[in-house]
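Student: The structure file structure24.txt (compact mmCIF, C-alpha atoms) is provided below.
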```
# COMPACT_ATOMS: atom_id res chain seq x y z
CA MET A 1 118.07 99.56 93.54
CA ASN A 2 118.86 100.55 90.02
CA GLU A 3 115.58 100.48 88.07
CA ARG A 4 117.44 100.30 84.76
CA LEU A 5 119.06 97.00 85.76
CA LEU A 6 115.70 95.60 86.87
CA ARG A 7 114.24 96.51 83.47
CA ILE A 8 117.17 94.80 81.73
CA LYS A 9 116.66 91.70 83.92
CA LYS A 10 112.96 91.57 83.06
CA GLU A 11 113.69 91.91 79.33
CA LYS A 12 116.42 89.22 79.43
CA ASN A 13 114.14 86.83 81.32
CA ARG A 14 111.47 87.36 78.68
CA LYS A 15 113.87 86.69 75.80
CA ARG A 16 115.75 83.77 77.39
CA PRO A 17 114.86 80.49 75.65
CA LYS A 18 114.10 77.24 77.42
CA PHE A 19 117.34 75.30 77.23
CA LEU A 20 116.47 71.75 76.28
CA ARG A 21 118.67 68.70 76.29
CA GLN A 22 119.93 67.41 72.95
CA GLU A 23 117.31 65.44 70.97
CA THR A 24 114.48 65.98 73.46
CA TRP A 25 112.03 65.67 70.60
CA LYS A 26 113.18 62.08 69.97
CA PHE A 27 113.08 60.46 73.40
CA ILE A 28 110.23 60.38 75.90
CA LYS A 29 112.64 60.06 78.83
CA PHE A 30 114.10 63.47 77.92
CA LYS A 31 110.68 65.09 77.51
CA ASN A 32 109.70 64.03 81.03
CA LYS A 33 112.96 65.31 82.55
CA PRO A 34 114.03 68.32 80.49
CA THR A 35 117.18 69.01 82.52
CA TRP A 36 120.02 70.68 80.66
CA ARG A 37 123.01 68.56 79.63
CA LYS A 38 125.86 69.95 77.58
CA PRO A 39 126.09 68.23 74.18
CA ARG A 40 129.48 66.49 74.01
CA GLY A 41 129.30 64.32 70.93
CA HIS A 42 132.05 64.58 68.30
CA SER A 43 129.65 65.24 65.43
CA SER A 44 126.87 66.81 67.49
CA ARG A 45 125.08 69.50 65.50
CA MET A 46 123.91 71.16 68.68
CA ARG A 47 127.46 71.37 70.07
CA ARG A 48 128.63 72.92 66.79
CA LYS A 49 125.73 75.43 67.02
CA LEU A 50 124.47 74.72 63.52
CA LYS A 51 121.43 76.55 62.26
CA GLY A 52 118.05 75.02 63.10
CA ASN A 53 119.19 73.41 66.35
CA PRO A 54 118.14 74.41 69.89
CA PRO A 55 120.18 77.13 71.64
CA VAL A 56 123.09 76.15 73.87
CA VAL A 57 123.61 77.65 77.32
CA ASN A 58 125.89 80.66 77.08
CA ILE A 59 127.13 83.29 79.53
CA GLY A 60 125.47 86.03 77.47
CA TYR A 61 122.03 84.93 78.70
CA ARG A 62 122.92 85.78 82.31
CA ASN A 63 121.34 88.66 84.25
CA PRO A 64 123.25 91.73 85.51
CA LYS A 65 125.28 90.86 88.61
CA LEU A 66 123.79 93.58 90.84
CA VAL A 67 120.20 92.33 90.42
CA ARG A 68 120.83 88.60 90.32
CA GLY A 69 118.62 86.87 92.90
CA TYR A 70 116.38 89.92 93.26
CA HIS A 71 112.60 89.84 93.08
CA PRO A 72 111.00 92.01 90.35
CA CYS A 73 109.87 94.43 93.10
CA GLY A 74 113.54 95.40 93.52
CA LEU A 75 114.28 93.68 96.83
CA PRO A 76 116.52 90.65 97.45
CA GLU A 77 114.47 87.51 97.98
CA VAL A 78 114.94 85.47 101.18
CA LEU A 79 113.45 82.05 101.95
CA VAL A 80 112.25 81.73 105.55
CA HIS A 81 111.46 78.49 107.41
CA ASN A 82 110.90 79.78 110.96
CA THR A 83 110.56 82.98 112.97
CA ASN A 84 114.25 82.98 113.93
CA ASP A 85 115.16 83.49 110.27
CA LEU A 86 113.40 86.89 110.38
CA GLU A 87 115.56 88.28 113.20
CA ASN A 88 118.23 90.24 111.29
CA LEU A 89 116.32 90.90 108.07
CA LYS A 90 115.74 94.41 106.74
CA ASP A 91 114.62 95.64 103.32
CA VAL A 92 114.07 92.18 101.81
CA ALA A 93 111.24 90.31 100.13
CA VAL A 94 110.30 87.33 102.32
CA ARG A 95 109.12 84.06 100.82
CA ILE A 96 107.75 81.62 103.39
CA GLY A 97 109.22 78.16 102.88
CA ASN A 98 107.62 74.74 102.97
CA VAL A 99 106.03 74.90 106.44
CA GLY A 100 102.70 74.00 108.01
CA THR A 101 99.81 76.36 108.66
CA LYS A 102 100.64 77.00 112.33
CA LYS A 103 104.23 78.02 111.59
CA LYS A 104 103.15 80.05 108.58
CA ILE A 105 100.79 82.08 110.78
CA GLU A 106 103.63 82.80 113.25
CA ILE A 107 106.01 83.85 110.47
CA LEU A 108 103.33 86.02 108.87
CA LYS A 109 102.59 87.87 112.13
CA ARG A 110 106.30 88.47 112.81
CA ALA A 111 106.93 89.71 109.27
CA LEU A 112 103.99 92.13 109.49
CA GLU A 113 105.41 93.50 112.77
CA LYS A 114 108.76 94.13 111.07
CA ASP A 115 107.11 95.68 107.95
CA LEU A 116 108.73 93.22 105.53
CA LYS A 117 107.35 92.58 102.04
CA LEU A 118 105.70 89.16 101.84
CA LEU A 119 105.66 87.28 98.54
CA ASN A 120 103.36 84.38 99.46
CA PRO A 121 101.21 85.44 102.43
CA LYS A 122 98.03 83.48 101.63
CA ILE A 123 96.75 81.08 104.30
CA LYS A 124 93.93 78.66 103.45
CA PHE A 125 92.39 78.49 106.91
CA VAL A 126 92.90 79.38 110.56
CA LYS A 127 91.36 77.17 113.26
CA VAL A 128 89.70 79.11 116.05
CA SER A 129 88.99 77.54 119.45
CA SER A 130 88.53 80.64 121.64
CA GLU A 131 87.83 84.37 121.54
CA GLU A 132 91.53 85.04 122.16
CA ASP A 133 92.39 83.16 118.96
CA ILE A 134 90.19 85.51 116.95
CA ILE A 135 91.74 88.59 118.58
CA ASP A 136 95.27 87.23 118.01
CA ASN A 137 94.59 86.54 114.33
CA ILE A 138 92.74 89.76 113.48
CA ASP A 139 95.87 91.30 111.92
CA ILE A 140 96.20 88.45 109.38
CA LYS A 141 92.52 88.61 108.38
CA ASP A 142 93.39 90.02 104.94
CA TYR A 143 95.70 87.09 104.13
CA THR A 144 93.37 84.30 105.31
CA GLN A 145 90.76 82.64 103.10
CA SER A 146 88.62 81.30 105.95
CA PHE A 147 88.37 80.99 109.72
CA ILE A 148 87.16 77.60 110.93
CA ILE A 149 85.59 76.92 114.34
CA SER A 150 86.94 73.89 116.15
CA LYS A 151 84.43 70.99 116.28
CA LYS A 152 85.29 70.07 119.88
CA LEU A 153 83.73 73.21 121.39
CA SER A 154 80.45 73.37 123.31
CA ASP A 155 77.47 75.30 121.91
CA GLU A 156 77.95 78.17 124.39
CA ASP A 157 81.57 78.67 123.38
CA ARG A 158 80.62 78.54 119.71
CA GLU A 159 78.04 81.28 120.17
CA LYS A 160 80.53 83.50 122.02
CA ILE A 161 83.10 83.02 119.27
CA GLU A 162 80.54 83.73 116.55
CA GLN A 163 79.45 86.96 118.28
CA LYS A 164 83.05 88.12 118.65
CA ALA A 165 83.71 87.31 114.99
CA GLU A 166 80.68 89.36 113.89
CA GLU A 167 81.92 92.33 115.95
CA LEU A 168 85.31 92.15 114.24
CA GLY A 169 83.85 91.52 110.77
CA ILE A 170 85.18 87.98 110.33
CA VAL A 171 83.21 85.31 108.48
CA LEU A 172 83.41 81.91 110.18
CA GLN A 173 82.98 78.47 108.63
CA GLU A 174 82.07 75.19 110.28
```
The structure in this file should be written as structure tokens.

Tutor:
Amino acid sequence: MNERLLRIKKEKNRKRPKFLRQETWKFIKFKNKPTWRKPRGHSSRMRRKLKGNPPVVNIGYRNPKLVRGYHPCGLPEVLVHNTNDLENLKDVAVRIGNVGTKKKIEILKRALEKDLKLLNPKIKFVKVSSEEDIIDNIDIKDYTQSFIISKKLSDEDREKIEQKAEELGIVLQE
């Protein structure tokens, strides 16, 4: 990707103002929902672009076409909701969508296999109920905040799991 265009995009994003609706400073309902609306009034000072009024949306604020929708790392960004979405992807930045922990773990493992760049790989916890679970999740150890042992296990199983975790260098929580 053209690094010059990415630099231009970064600079434009930094300089781009927040486009506020007309008279947001007057009405609380506009402050709470600052969505852009084009000023259409006949004598609107904002529509006429008079000095001292907020900026109006203009095509000149847009980013270069070749890098539009790209992540600052230089790769196109793709939102993924399940493992099937990863099938035909190559050279993209993957953002995991609004999914649960179990699905996020599956997507994370598959993306690591395919060597894709992950933008939001953090997982709060992984529940462990057997030694196989620890072995399966060893590759996502760096992205996980904590491993939690299931409460339904017997004391013998807990001890086995704790020993295996110590061997692999994983810290377990209750």

Student: Could you tell me which of A:Thr83, A:Asn120, A:Asn98, A:Asn63 comes closest to Leu5 in chain A if we count all atoms listed in the file?

Tutor: A:Asn63

Student: So that I can see what lies close to His71 in chain A, please list as a PyMOL selection string the residues with an atom at most 10 Å from it, counting all atoms listed in the file and leaving out residues fewer than 5 positions away in the same chain.

Tutor: chain A and resi 6+76-78+92-94+119

Student: Those same residues, written as a CSV table (one decimal), in the frame of the given file with C-alpha atoms?

Tutor:
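New file selection.csv:
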```csv
chain,number,residue,atom,x,y,z
A,6,LEU,CA,115.7,95.6,86.9
A,76,PRO,CA,116.5,90.6,97.4
A,77,GLU,CA,114.5,87.5,98.0
A,78,VAL,CA,114.9,85.5,101.2
A,92,VAL,CA,114.1,92.2,101.8
A,93,ALA,CA,111.2,90.3,100.1
A,94,VAL,CA,110.3,87.3,102.3
A,119,LEU,CA,105.7,87.3,98.5
```

Student: For the atom pair CA of Asp157 in chain A and CA of Ile107 in chain A, what is the interatomic distance in Å to one decimal place?

Tutor: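 Separating CA of Asp157 in chain A from CA of Ile107 in chain A is a distance of 28.1 Å.
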
Student: By how many Å are CA of Arg68 in chain A and CA of Lys10 in chain A apart?

Tutor: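 If I compute the distance from CA of Arg68 in chain A to CA of Lys10 in chain A, I get 11.1 Å.
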
Student: Check the smallest atom-to-atom distance from each of A:Arg16, A:Arg4, A:Arg47, A:Lys127 to Ser150 in chain A using only C-alpha atoms, then report the winner.

Tutor: A:Lys127
